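Reproduced below: run-v7.tsv, with TSV, C-alpha atoms and all ligand atoms.
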```tsv
chain	number	residue	atom	x	y	z
P	504	MET	CA	-10.49	17.16	19.20
P	505	ALA	CA	-10.38	13.87	21.09
P	506	MET	CA	-11.42	10.86	19.10
P	507	GLU	CA	-11.59	7.25	20.12
P	508	ILE	CA	-9.26	4.78	18.40
P	509	ILE	CA	-11.09	1.61	17.37
P	510	ARG	CA	-9.19	-1.46	18.55
P	511	ILE	CA	-10.31	-5.10	18.56
P	512	ILE	CA	-7.14	-7.06	19.24
P	513	GLY	CA	-5.86	-6.80	22.79
P	514	ASN	CA	-2.36	-7.64	23.93
P	515	GLY	CA	-2.94	-11.04	25.50
P	516	SER	CA	-2.56	-9.70	29.03
P	517	GLU	CA	-3.88	-6.48	30.54
P	518	VAL	CA	-5.68	-5.20	27.39
P	519	PRO	CA	-8.57	-7.58	26.63
P	520	ASP	CA	-9.66	-8.57	23.13
P	521	ALA	CA	-12.94	-7.01	22.00
P	522	PRO	CA	-15.51	-9.38	20.50
P	523	VAL	CA	-14.90	-10.34	16.87
P	524	PRO	CA	-17.05	-8.00	14.77
P	525	GLU	CA	-20.15	-9.39	13.13
P	526	GLY	CA	-19.50	-10.56	9.58
P	527	LEU	CA	-16.06	-12.03	10.25
P	528	GLY	CA	-16.24	-15.79	10.77
P	529	GLY	CA	-13.40	-18.15	11.68
P	530	LYS	CA	-12.72	-18.86	8.00
P	531	ASP	CA	-12.51	-15.14	7.27
P	532	LEU	CA	-10.07	-14.57	10.11
P	533	LEU	CA	-7.82	-17.35	8.83
P	534	GLU	CA	-8.00	-16.01	5.29
P	535	LEU	CA	-7.15	-12.54	6.56
P	536	TYR	CA	-4.19	-14.08	8.39
P	537	ARG	CA	-3.10	-15.82	5.19
P	538	TRP	CA	-3.19	-12.43	3.43
P	539	LEU	CA	-1.08	-10.83	6.17
P	540	ILE	CA	1.52	-13.54	5.92
P	541	LEU	CA	1.61	-13.32	2.14
P	542	LEU	CA	2.13	-9.56	2.25
P	543	ARG	CA	4.81	-9.90	4.93
P	544	THR	CA	6.62	-12.60	2.97
P	545	PHE	CA	6.53	-10.52	-0.22
P	546	ASP	CA	7.89	-7.47	1.60
P	547	GLU	CA	10.72	-9.18	3.44
P	548	ARG	CA	11.80	-10.92	0.25
P	549	ALA	CA	11.71	-7.63	-1.66
P	550	VAL	CA	14.13	-6.01	0.80
P	551	ALA	CA	16.51	-8.97	0.45
P	552	LEU	CA	16.27	-8.76	-3.35
P	553	GLN	CA	17.11	-5.07	-3.28
P	554	ARG	CA	20.08	-5.64	-0.99
P	555	GLN	CA	21.35	-8.26	-3.41
P	556	GLY	CA	20.96	-5.89	-6.37
P	557	ARG	CA	18.22	-7.96	-7.92
P	558	ILE	CA	15.62	-5.17	-7.86
P	559	GLY	CA	16.34	-1.46	-8.08
P	560	THR	CA	14.63	0.13	-5.11
P	561	TYR	CA	11.78	-0.76	-2.83
P	562	ALA	CA	9.26	1.01	-0.55
P	563	ILE	CA	9.05	-1.18	2.56
P	564	TYR	CA	5.66	-1.65	4.25
P	565	TRP	CA	6.74	-3.91	7.12
P	566	GLY	CA	4.21	-3.37	9.93
P	567	GLU	CA	1.51	-1.83	7.72
P	568	GLU	CA	0.14	-5.15	6.41
P	569	GLY	CA	-2.98	-4.89	8.58
P	570	THR	CA	-4.01	-1.58	6.99
P	571	GLN	CA	-3.80	-3.27	3.62
P	572	ALA	CA	-5.20	-6.76	4.20
P	573	GLY	CA	-7.85	-5.59	6.70
P	574	ALA	CA	-9.20	-2.86	4.43
P	575	LEU	CA	-9.10	-5.00	1.30
P	576	TYR	CA	-10.86	-7.87	3.02
P	577	ALA	CA	-13.78	-5.54	3.74
P	578	CYS	CA	-14.17	-4.76	0.03
P	579	GLU	CA	-16.29	-6.67	-2.43
P	580	GLU	CA	-14.46	-8.06	-5.45
P	581	THR	CA	-16.32	-5.55	-7.61
P	582	ASP	CA	-14.99	-2.57	-5.64
P	583	TRP	CA	-12.00	-0.67	-6.99
P	584	VAL	CA	-8.91	-0.12	-4.85
P	585	PHE	CA	-6.16	2.42	-5.42
P	586	PRO	CA	-2.76	1.78	-3.82
P	587	SER	CA	0.16	4.11	-3.34
P	588	TYR	CA	3.74	2.79	-3.61
P	589	ARG	CA	3.43	1.72	0.05
P	590	GLN	CA	0.67	-0.78	-0.83
P	591	ASN	CA	2.62	-1.84	-3.90
P	592	SER	CA	1.82	-5.55	-3.67
P	593	ILE	CA	-1.86	-5.28	-2.77
P	594	GLY	CA	-2.70	-6.58	-6.25
P	595	ILE	CA	-1.32	-10.02	-5.35
P	596	LEU	CA	-4.36	-10.42	-3.10
P	597	ARG	CA	-6.50	-9.85	-6.18
P	598	GLY	CA	-4.81	-12.23	-8.54
P	599	VAL	CA	-1.84	-10.17	-9.77
P	600	ASN	CA	1.24	-12.34	-10.18
P	601	PRO	CA	3.79	-11.31	-7.50
P	602	ALA	CA	6.44	-11.65	-10.22
P	603	THR	CA	4.82	-8.67	-11.97
P	604	ILE	CA	5.28	-6.48	-8.89
P	605	TYR	CA	8.88	-7.59	-8.40
P	606	ALA	CA	9.46	-6.85	-12.10
P	607	TRP	CA	7.99	-3.37	-11.57
P	608	TRP	CA	10.55	-2.73	-8.85
P	609	ARG	CA	13.21	-4.07	-11.17
P	610	GLY	CA	12.23	-1.34	-13.58
P	611	TYR	CA	10.66	-3.56	-16.20
P	612	GLY	CA	8.00	-1.82	-18.20
P	613	GLY	CA	5.39	-3.15	-20.54
P	614	LYS	CA	3.45	-6.26	-19.65
P	615	LEU	CA	6.22	-7.67	-17.45
P	616	GLY	CA	6.07	-4.99	-14.75
P	617	PHE	CA	2.50	-3.74	-15.08
P	618	TYR	CA	-0.92	-5.28	-14.64
P	619	ASN	CA	-4.09	-4.13	-16.29
P	620	PRO	CA	-6.01	-2.28	-13.55
P	621	ARG	CA	-9.31	-3.32	-15.06
P	622	ASP	CA	-8.48	-7.02	-14.71
P	623	HIS	CA	-8.05	-6.73	-10.96
P	624	ARG	CA	-10.05	-3.61	-10.08
P	625	THR	CA	-6.77	-2.36	-8.65
P	626	GLY	CA	-5.33	0.96	-9.73
P	627	PRO	CA	-1.70	1.20	-10.82
P	628	ILE	CA	0.91	1.60	-8.09
P	629	CYS	CA	0.82	5.35	-7.55
P	630	VAL	CA	4.12	7.09	-6.86
P	631	PRO	CA	3.10	10.76	-7.10
P	632	ILE	CA	1.62	11.59	-3.72
P	633	ALA	CA	-2.19	11.72	-3.60
P	634	THR	CA	-2.82	11.88	-7.36
P	635	HIS	CA	-4.77	8.62	-7.17
P	636	LEU	CA	-7.34	10.08	-4.79
P	637	PRO	CA	-9.33	12.02	-7.42
P	638	HIS	CA	-9.13	8.88	-9.59
P	639	ALA	CA	-10.71	6.82	-6.83
P	640	VAL	CA	-13.48	9.37	-6.49
P	641	GLY	CA	-14.04	9.48	-10.25
P	642	VAL	CA	-14.41	5.72	-10.49
P	643	ALA	CA	-16.86	5.61	-7.58
P	644	TRP	CA	-18.85	8.58	-8.86
P	645	ALA	CA	-19.06	7.08	-12.35
P	646	ALA	CA	-20.33	3.82	-10.86
P	647	LYS	CA	-22.93	5.73	-8.92
P	648	GLN	CA	-24.06	7.52	-12.09
P	649	ARG	CA	-24.46	4.14	-13.78
P	650	GLY	CA	-26.36	2.73	-10.84
P	651	ASP	CA	-23.71	0.07	-10.10
P	652	SER	CA	-23.17	-0.91	-6.49
P	653	VAL	CA	-19.43	-0.31	-6.77
P	654	ALA	CA	-17.39	1.57	-4.21
P	655	SER	CA	-13.73	2.58	-4.24
P	656	LEU	CA	-11.02	2.72	-1.62
P	657	ALA	CA	-7.71	4.55	-1.76
P	658	TRP	CA	-4.76	4.21	0.61
P	659	PHE	CA	-2.45	7.14	1.21
P	660	GLY	CA	-0.15	8.47	3.89
P	661	ASP	CA	-0.20	11.28	6.44
P	662	GLY	CA	2.04	13.30	4.12
P	663	ALA	CA	-0.51	13.00	1.33
P	664	THR	CA	-2.98	15.08	3.34
P	665	SER	CA	-0.86	18.16	2.57
P	666	GLU	CA	-1.47	17.76	-1.15
P	667	GLY	CA	-4.18	19.64	-3.02
P	668	ASP	CA	-5.36	16.38	-4.57
P	669	PHE	CA	-6.36	15.11	-1.12
P	670	HIS	CA	-8.56	18.13	-0.43
P	671	GLU	CA	-10.00	18.22	-3.94
P	672	ALA	CA	-10.86	14.54	-3.76
P	673	LEU	CA	-12.56	14.82	-0.36
P	674	ASN	CA	-14.47	17.90	-1.40
P	675	PHE	CA	-15.72	16.41	-4.65
P	676	ALA	CA	-16.60	13.08	-3.05
P	677	SER	CA	-18.54	14.73	-0.28
P	678	VAL	CA	-20.48	17.16	-2.48
P	679	TRP	CA	-21.47	14.37	-4.88
P	680	LYS	CA	-21.73	11.67	-2.23
P	681	ALA	CA	-19.32	9.43	-4.10
P	682	PRO	CA	-19.02	5.96	-2.51
P	683	THR	CA	-15.32	6.30	-1.68
P	684	VAL	CA	-13.35	5.25	1.37
P	685	PHE	CA	-10.31	7.41	2.03
P	686	PHE	CA	-7.92	5.22	3.98
P	687	CYS	CA	-5.08	7.25	5.46
P	688	VAL	CA	-2.21	5.25	6.89
P	689	ASN	CA	-0.88	7.68	9.46
P	690	ASN	CA	2.52	6.16	10.10
P	691	GLN	CA	3.63	9.54	11.50
P	692	TRP	CA	6.39	10.07	8.96
P	693	ALA	CA	6.61	11.37	5.40
P	694	ILE	CA	10.16	10.34	4.61
P	695	SER	CA	11.97	12.51	7.21
P	696	THR	CA	9.06	14.90	7.94
P	697	PRO	CA	7.34	14.07	11.22
P	698	TYR	CA	3.60	14.37	11.72
P	699	HIS	CA	3.78	17.61	13.73
P	700	LYS	CA	5.57	19.38	10.88
P	701	GLN	CA	3.08	18.03	8.36
P	702	THR	CA	-0.15	19.32	9.85
P	703	ALA	CA	-1.46	21.37	12.76
P	704	SER	CA	-4.50	19.08	13.10
P	705	GLN	CA	-4.37	16.88	16.15
P	706	THR	CA	-5.67	13.96	14.13
P	707	ILE	CA	-6.04	13.20	10.44
P	708	ALA	CA	-9.59	11.98	11.04
P	709	GLU	CA	-10.77	15.41	12.22
P	710	LYS	CA	-10.04	16.85	8.78
P	711	ALA	CA	-13.18	15.00	7.65
P	712	SER	CA	-15.40	17.51	9.45
P	713	GLY	CA	-14.34	20.25	7.02
P	714	TYR	CA	-15.98	18.19	4.30
P	715	ASN	CA	-18.96	17.11	6.38
P	716	MET	CA	-18.08	13.45	6.22
P	717	PRO	CA	-17.39	11.04	9.07
P	718	GLY	CA	-13.82	10.70	10.27
P	719	VAL	CA	-12.81	7.51	12.04
P	720	ARG	CA	-9.64	6.59	13.91
P	721	VAL	CA	-8.48	3.04	14.06
P	722	ASP	CA	-5.44	1.17	15.35
P	723	GLY	CA	-3.44	0.67	12.15
P	724	PHE	CA	-1.62	-2.32	13.61
P	725	ASP	CA	-4.93	-4.09	14.22
P	726	PRO	CA	-6.10	-5.78	10.99
P	727	VAL	CA	-9.50	-6.65	12.43
P	728	ALA	CA	-10.15	-3.05	13.48
P	729	CYS	CA	-9.07	-1.91	10.00
P	730	TRP	CA	-11.57	-4.40	8.55
P	731	LYS	CA	-14.34	-3.15	10.82
P	732	ALA	CA	-13.83	0.54	10.07
P	733	THR	CA	-13.64	-0.13	6.35
P	734	ARG	CA	-16.70	-2.39	6.32
P	735	ASP	CA	-18.75	0.26	8.14
P	736	ALA	CA	-17.54	2.93	5.71
P	737	LEU	CA	-18.40	0.75	2.71
P	738	ASP	CA	-21.87	0.05	4.12
P	739	ARG	CA	-22.44	3.79	4.37
P	740	ALA	CA	-21.08	4.32	0.87
P	741	ARG	CA	-23.37	1.67	-0.61
P	742	ALA	CA	-26.35	3.11	1.26
P	743	GLY	CA	-25.81	6.35	-0.67
P	744	GLU	CA	-24.45	8.23	2.34
P	745	GLY	CA	-21.16	9.17	0.69
P	746	PRO	CA	-17.50	8.99	1.63
P	747	THR	CA	-15.66	8.35	4.91
P	748	LEU	CA	-12.16	9.28	5.99
P	749	ILE	CA	-10.40	6.58	8.00
P	750	GLU	CA	-7.18	7.32	9.85
P	751	ALA	CA	-5.20	4.18	10.61
P	752	TYR	CA	-2.90	5.34	13.36
P	753	CYS	CA	0.39	3.45	13.50
P	754	TYR	CA	4.10	4.03	13.04
P	755	ARG	CA	6.50	3.56	10.15
P	756	ILE	CA	8.69	0.91	11.72
P	757	ALA	CA	10.76	0.40	8.56
P	758	PRO	CA	12.86	2.98	6.77
P	759	HIS	CA	10.95	4.97	4.13
P	760	GLY	CA	12.54	2.85	1.45
P	761	THR	CA	15.67	0.87	0.77
P	762	ALA	CA	17.70	4.07	0.14
P	763	ASP	CA	16.75	5.65	3.46
P	764	ASP	CA	18.49	5.64	6.83
P	765	PRO	CA	16.04	6.88	9.48
P	766	ARG	CA	18.73	6.93	12.19
P	767	LEU	CA	19.78	10.25	10.69
P	768	TYR	CA	16.52	12.03	11.45
P	769	ARG	CA	14.65	10.19	14.22
P	770	ASP	CA	15.16	8.43	17.49
P	771	GLU	CA	15.05	4.73	16.69
P	772	SER	CA	14.41	3.79	20.32
P	773	VAL	CA	10.89	5.13	19.71
P	774	THR	CA	10.58	2.83	16.69
P	775	GLU	CA	11.55	-0.11	18.88
P	776	ARG	CA	8.72	0.72	21.26
P	777	TRP	CA	6.22	0.45	18.40
P	778	ARG	CA	7.68	-2.72	16.89
P	779	PRO	CA	5.99	-5.25	19.23
P	780	LEU	CA	2.59	-3.83	18.20
P	781	GLU	CA	3.03	-4.92	14.57
P	782	PRO	CA	0.06	-6.80	13.13
P	783	VAL	CA	1.35	-10.29	12.29
P	784	ASN	CA	2.46	-11.02	15.82
P	785	ARG	CA	-0.73	-9.57	17.26
P	786	MET	CA	-3.02	-11.41	14.88
P	787	THR	CA	-1.21	-14.70	15.60
P	788	GLY	CA	-1.86	-14.25	19.33
P	789	PHE	CA	-5.46	-13.19	18.74
P	790	LEU	CA	-6.26	-16.23	16.59
P	791	GLN	CA	-4.54	-18.53	19.05
P	792	ARG	CA	-6.62	-17.12	21.88
P	793	LEU	CA	-9.74	-17.67	19.79
P	794	GLY	CA	-8.61	-21.27	19.25
P	795	ILE	CA	-8.60	-21.07	15.46
P	796	LEU	CA	-4.84	-21.08	14.86
P	797	ASP	CA	-2.27	-23.55	16.10
P	798	GLU	CA	1.42	-23.92	15.34
P	799	ASP	CA	0.88	-26.48	12.55
P	800	LYS	CA	-1.63	-24.30	10.75
P	801	GLU	CA	0.61	-21.26	11.11
P	802	ALA	CA	3.58	-23.20	9.74
P	803	ALA	CA	1.52	-24.41	6.77
P	804	ILE	CA	0.35	-20.87	5.94
P	805	ARG	CA	3.91	-19.53	6.17
P	806	ALA	CA	5.27	-22.37	4.01
P	807	GLU	CA	2.64	-21.79	1.34
P	808	ALA	CA	3.49	-18.06	1.19
P	809	LYS	CA	7.21	-18.78	1.04
P	810	GLU	CA	6.75	-21.22	-1.80
P	811	LEU	CA	4.61	-18.82	-3.84
P	812	ILE	CA	7.04	-15.94	-3.34
P	813	ALA	CA	10.09	-18.08	-4.17
P	814	ALA	CA	8.42	-19.21	-7.40
P	815	SER	CA	7.55	-15.59	-8.23
P	816	VAL	CA	11.14	-14.45	-7.76
P	817	LYS	CA	12.29	-17.24	-10.04
P	818	GLU	CA	9.74	-16.26	-12.63
P	819	MET	CA	10.68	-12.56	-12.43
P	820	GLU	CA	14.35	-13.44	-12.94
P	821	SER	CA	13.50	-15.53	-15.99
P	822	TYR	CA	12.13	-12.44	-17.77
P	823	THR	CA	14.21	-10.82	-20.48
P	824	GLN	CA	14.83	-7.16	-19.79
P	825	PRO	CA	12.51	-5.17	-22.08
P	826	GLY	CA	13.95	-2.67	-24.55
P	827	GLN	CA	13.72	1.11	-24.28
P	828	GLU	CA	10.60	1.16	-26.49
P	829	VAL	CA	8.42	0.11	-23.52
P	830	LEU	CA	8.70	3.69	-22.29
P	831	PHE	CA	6.75	4.83	-25.34
P	832	ASP	CA	4.58	1.88	-26.27
P	833	GLY	CA	1.06	1.92	-24.96
P	834	VAL	CA	0.88	5.70	-24.57
P	835	TYR	CA	-1.31	5.91	-27.68
P	836	ALA	CA	-3.62	3.12	-28.82
P	837	SER	CA	-2.72	3.98	-32.41
P	838	GLY	CA	1.00	3.31	-32.09
P	839	ARG	CA	4.12	5.47	-31.74
P	840	PRO	CA	4.06	8.94	-33.28
P	841	TRP	CA	7.27	10.14	-34.97
P	842	THR	CA	8.09	12.44	-32.06
P	843	PHE	CA	8.41	9.37	-29.85
P	844	ASP	CA	10.64	7.68	-32.43
P	845	GLU	CA	13.10	10.54	-32.05
P	846	GLY	CA	13.12	10.17	-28.27
P	847	LEU	CA	13.57	6.44	-28.58
P	848	GLU	CA	16.53	6.85	-30.93
P	849	GLU	CA	18.12	9.29	-28.49
P	850	LEU	CA	17.75	6.81	-25.64
P	851	ARG	CA	19.22	4.03	-27.75
P	852	SER	CA	22.24	6.16	-28.55
P	853	VAL	CA	22.73	6.79	-24.82
P	854	GLU	CA	22.54	3.05	-24.26
P	855	ARG	CA	25.07	2.40	-27.03
P	856	ALA	CA	27.42	4.98	-25.53
P	857	ALA	CA	27.00	3.45	-22.08
P	858	GLU	CA	28.03	0.07	-23.42
P	859	VAL	CA	31.46	1.27	-24.44
P	860	ARG	CA	32.05	3.08	-21.16
P	861	PRO	CA	33.78	0.97	-18.51
P	862	VAL	CA	31.48	0.33	-15.55
P	863	GLY	CA	33.20	1.54	-12.39
P	864	PRO	CA	32.37	0.68	-8.80
P	865	VAL	CA	29.10	2.08	-7.50
P	866	PRO	CA	30.01	5.13	-5.33
P	867	ALA	CA	28.79	5.03	-1.75
P	868	SER	CA	25.87	7.43	-1.56
P	869	SER	CA	25.57	10.00	1.19
P	870	GLU	CA	22.20	11.10	-0.10
P	871	GLN	CA	19.38	10.63	2.34
P	872	GLY	CA	15.64	10.45	1.99
P	873	GLY	CA	15.30	7.55	-0.38
P	874	ASP	CA	12.64	9.09	-2.54
P	875	VAL	CA	10.63	6.49	-4.40
P	901	LIG	C1	3.74	14.81	-5.75
P	901	LIG	C2	4.93	14.24	-5.04
P	901	LIG	N1	5.69	15.04	-4.27
P	901	LIG	C3	6.76	14.53	-3.62
P	901	LIG	C4	7.07	13.19	-3.75
P	901	LIG	C5	8.28	12.64	-3.01
P	901	LIG	N2	7.82	11.73	-1.94
P	901	LIG	C6	7.85	10.40	-2.07
P	901	LIG	S1	7.29	9.61	-0.72
P	901	LIG	C7	6.99	11.06	0.10
P	901	LIG	C8	6.45	11.07	1.51
P	901	LIG	C9	5.02	10.65	1.59
P	901	LIG	O1	4.66	10.44	2.93
P	901	LIG	P1	3.28	9.84	3.35
P	901	LIG	O2	2.20	10.44	2.49
P	901	LIG	O3	3.16	9.98	4.80
P	901	LIG	O4	3.36	8.30	2.91
P	901	LIG	P2	4.34	7.16	3.48
P	901	LIG	O5	5.59	7.22	2.66
P	901	LIG	O6	4.58	7.42	4.92
P	901	LIG	O7	3.60	5.89	3.23
P	901	LIG	C10	7.36	12.14	-0.70
P	901	LIG	C11	7.26	13.56	-0.30
P	901	LIG	C12	6.26	12.39	-4.58
P	901	LIG	N3	6.48	11.08	-4.74
P	901	LIG	N4	5.19	12.93	-5.21
P	902	MG	MG	3.56	8.62	6.31
```
Represent the structure from my file as structure tokens, please.
Amino acid sequence: MAMEIIRIIGNGSEVPDAPVPEGLGGKDLLELYRWLILLRTFDERAVALQRQGRIGTYAIYWGEEGTQAGALYACEETDWVFPSYRQNSIGILRGVNPATIYAWWRGYGGKLGFYNPRDHRTGPICVPIATHLPHAVGVAWAAKQRGDSVASLAWFGDGATSEGDFHEALNFASVWKAPTVFFCVNNQWAISTPYHKQTASQTIAEKASGYNMPGVRVDGFDPVACWKATRDALDRARAGEGPTLIEAYCYRIAPHGTADDPRLYRDESVTERWRPLEPVNRMTGFLQRLGILDEDKEAAIRAEAKELIAASVKEMESYTQPGQEVLFDGVYASGRPWTFDEGLEELRSVERAAEVRPVGPVPASSEQGGDV
């Protein structure tokens, strides 16, 4: 099933730029650029922090910033968004302190490493694949029942489309015309599983027809195209026409996570062919061609992001590591039941035992995959 890929940003030479879509002014484009740079800065810093042992693990999104910033920019502040681990820092574009996300990756529980989803209309960072999709539908459906003009958007990967939750969510949303945007980032890899071993469908977008909803394909490295597809889907959702499935076609340029070595399962010369298409570079060229970005402005935006991220790292490192009780606190509003106290005591005894054990060198790991 052939399907056109929506693309707005050209390549500055033989592929021309398409006109800027209606609804995106110069100020919007610059703000979208600022978001891209902030996400990129957060991500690059996170990898460095992990390499230095300052956070535990990290799911890199380098190259996928356009799928995140573009889609989010199309949302209203009142809309709910649901990230997977790959969009882990999306909350920082909605007022979450970046230090909170770094603390999450450092393994800090409680208030240090978590934000309240309700405060930011941003679901928790979802690690189990696709389980946040029914949640996104539920929130949108509930809003519809109440008569609120609230939509929801969930990001997920190509691998997530093999999960039951994906199909259940699309089915429910379509039957009940829930105002949900399903935003699939098809980066062609699910850890070491390539697209062709994941699904027999030629495209992710065509799966939408099984649920009688529109399926749209968009260049995932083009933030403006991601904005356009999402805005159109949200317009439909708000008009009562139900959900849309967007496939943002791109490539996972980075390893799956900081514990992964993709050289062991794929040809990295292919990755290098995709790399120049990444969104920050492309958006920079696009805005320059439109005459709304010059080198000074770009430098100022980059400096601002760097400063914010540096301050966030400092803040995260000033936090005191929470105790084991954070694993149990907050599960029940009424406090910890005695069964949890037993578990907590067991954990504390493990911690006490660990303290007397000499800490040896960390063995070099041959394990691959880097599951987050
Ligand atoms: C329910 C569940 N099964 C398995 C895993 C292990 N796992 C972590 S990431 C991943 C691959 C997901 O690939 P994709 O959906 O394409 O997202 P991407 O990592 O490419 O963003 C898997 C299988 C998990 N986290 N949750
Ligand atoms: Mg994937």
For chain P against ligand LIG 901 (chain P), with a cut-off of 8 Å and counting only C-alpha atoms and all ligand atoms, what is the closest atom pair and its distance in Å to one decimal for every residue that makes the cut, ordered by chain and number, as a tab-separated table?
```
residue	atom	partner	partner_atom	distance
P:Ala562	CA	P:LIG901	O5	7.9
P:Tyr564	CA	P:LIG901	O7	7.9
P:Ser587	CA	P:LIG901	O7	7.6
P:Tyr588	CA	P:LIG901	O7	7.5
P:Arg589	CA	P:LIG901	O7	5.2
P:Val630	CA	P:LIG901	N3	5.1
P:Pro631	CA	P:LIG901	N4	3.6
P:Ile632	CA	P:LIG901	N4	4.1
P:Ala633	CA	P:LIG901	C1	7.0
P:Thr634	CA	P:LIG901	C1	7.4
P:Phe659	CA	P:LIG901	O2	5.8
P:Gly660	CA	P:LIG901	O2	3.4
P:Asp661	CA	P:LIG901	O3	4.0
P:Gly662	CA	P:LIG901	O2	3.3
P:Ala663	CA	P:LIG901	O2	3.9
P:Thr664	CA	P:LIG901	O2	7.0
P:Glu666	CA	P:LIG901	C1	7.6
P:Val688	CA	P:LIG901	O7	6.9
P:Asn689	CA	P:LIG901	O3	6.6
P:Asn690	CA	P:LIG901	O6	5.7
P:Gln691	CA	P:LIG901	O3	6.7
P:Trp692	CA	P:LIG901	O6	5.2
P:Ala693	CA	P:LIG901	O1	3.3
P:Ile694	CA	P:LIG901	C8	4.9
P:Thr696	CA	P:LIG901	C8	7.9
P:Arg755	CA	P:LIG901	O6	6.8
P:His759	CA	P:LIG901	O5	6.0
P:Asp874	CA	P:LIG901	C6	5.0
P:Val875	CA	P:LIG901	C6	5.3
```
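The space separating CA of Ser516 in chain P from CA of Pro782 in chain P comes to 16.4 Å.
In this comparison, which uses all atoms listed in the file, the residue of P:Leu535, P:Ala728, P:Ala814, P:Leu847 approaching Asp520 in chain P most closely is P:Ala728.
Look at everything within 9 Å of (2.9, -11.4, -5.2) using all atoms listed in the file, and the residues you get are Leu541, Leu542, Phe545, Ser592, Ile593, Gly594, Ile595, Leu596, Gly598, Val599, Asn600, Pro601, Ala602, Thr603, Ile604, Tyr605, Leu811, Ile812 and Ser815 of chain P.
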From (6.9, -9.5, 7.7), in the file's coordinates, out to 9 Å: which residues are reached, counting all atoms listed in the file? Answer as a PDB file with C-alpha atoms, keeping the file's coordinate frame.
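point27.pdb, freshly written:
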```pdb
ATOM      1  CA  LEU P 539      -1.080 -10.830   6.170  1.00  0.00           C
ATOM      2  CA  ILE P 540       1.520 -13.540   5.920  1.00  0.00           C
ATOM      3  CA  LEU P 541       1.610 -13.320   2.140  1.00  0.00           C
ATOM      4  CA  LEU P 542       2.130  -9.560   2.250  1.00  0.00           C
ATOM      5  CA  ARG P 543       4.810  -9.900   4.930  1.00  0.00           C
ATOM      6  CA  THR P 544       6.620 -12.600   2.970  1.00  0.00           C
ATOM      7  CA  PHE P 545       6.530 -10.520  -0.220  1.00  0.00           C
ATOM      8  CA  ASP P 546       7.890  -7.470   1.600  1.00  0.00           C
ATOM      9  CA  GLU P 547      10.720  -9.180   3.440  1.00  0.00           C
ATOM     10  CA  TYR P 564       5.660  -1.650   4.250  1.00  0.00           C
ATOM     11  CA  TRP P 565       6.740  -3.910   7.120  1.00  0.00           C
ATOM     12  CA  GLY P 566       4.210  -3.370   9.930  1.00  0.00           C
ATOM     13  CA  GLU P 568       0.140  -5.150   6.410  1.00  0.00           C
ATOM     14  CA  VAL P 783       1.350 -10.290  12.290  1.00  0.00           C
TER      15      VAL P 783
END
```
Quiz item: Counting all atoms listed in the file, which of P:Ala708, P:Ala577, P:Leu532, P:Ala740 gets nearest to Thr787 in chain P?
Solution: P:Leu532
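The smallest atom-to-atom distance between Leu790 in chain P and any of P:Gln553, P:Asn514, P:Gln705, P:Thr823, using only C-alpha atoms, is found for P:Asn514.
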Quiz prompt | Who sits within 8 Å of Pro586 in chain P, only C-alpha atoms, same chain under 5 positions skipped, as a PyMOL selection string | solution = chain P and resi 591+593+625-629+635+657-659
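Take CA of Cys687 in chain P and CA of Leu673 in chain P: the distance between them is 12.1 Å.
Comparing the minimum interatomic distances between Arg557 in chain P and each of P:Leu636, P:Val816, P:Ile707, P:Leu780, counting all atoms listed in the file, we find that P:Val816 sits nearest.
Atom to atom, CA of Arg741 in chain P and CA of Lys647 in chain P stand 9.3 Å apart.
Shortest separation to ligand MG 902 (chain P) among P:Gln827, P:Gln555, P:Ser695, P:Ser704 occurs at residue P:Ser695, atoms counted being all atoms listed in the file.
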Quiz item: Asp651 in chain P: which residues within 12 Å, counting only C-alpha atoms, same-chain residues fewer than 4 positions away excluded, as number ranges by chain?
Solution: P: 581-582, 642-647, 655, 681-682, 741, 743
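Using all atoms listed in the file, the nearest neighbour of Asn784 in chain P within the list P:Ile512, P:Leu767, P:Val678, P:Leu552 is P:Ile512.
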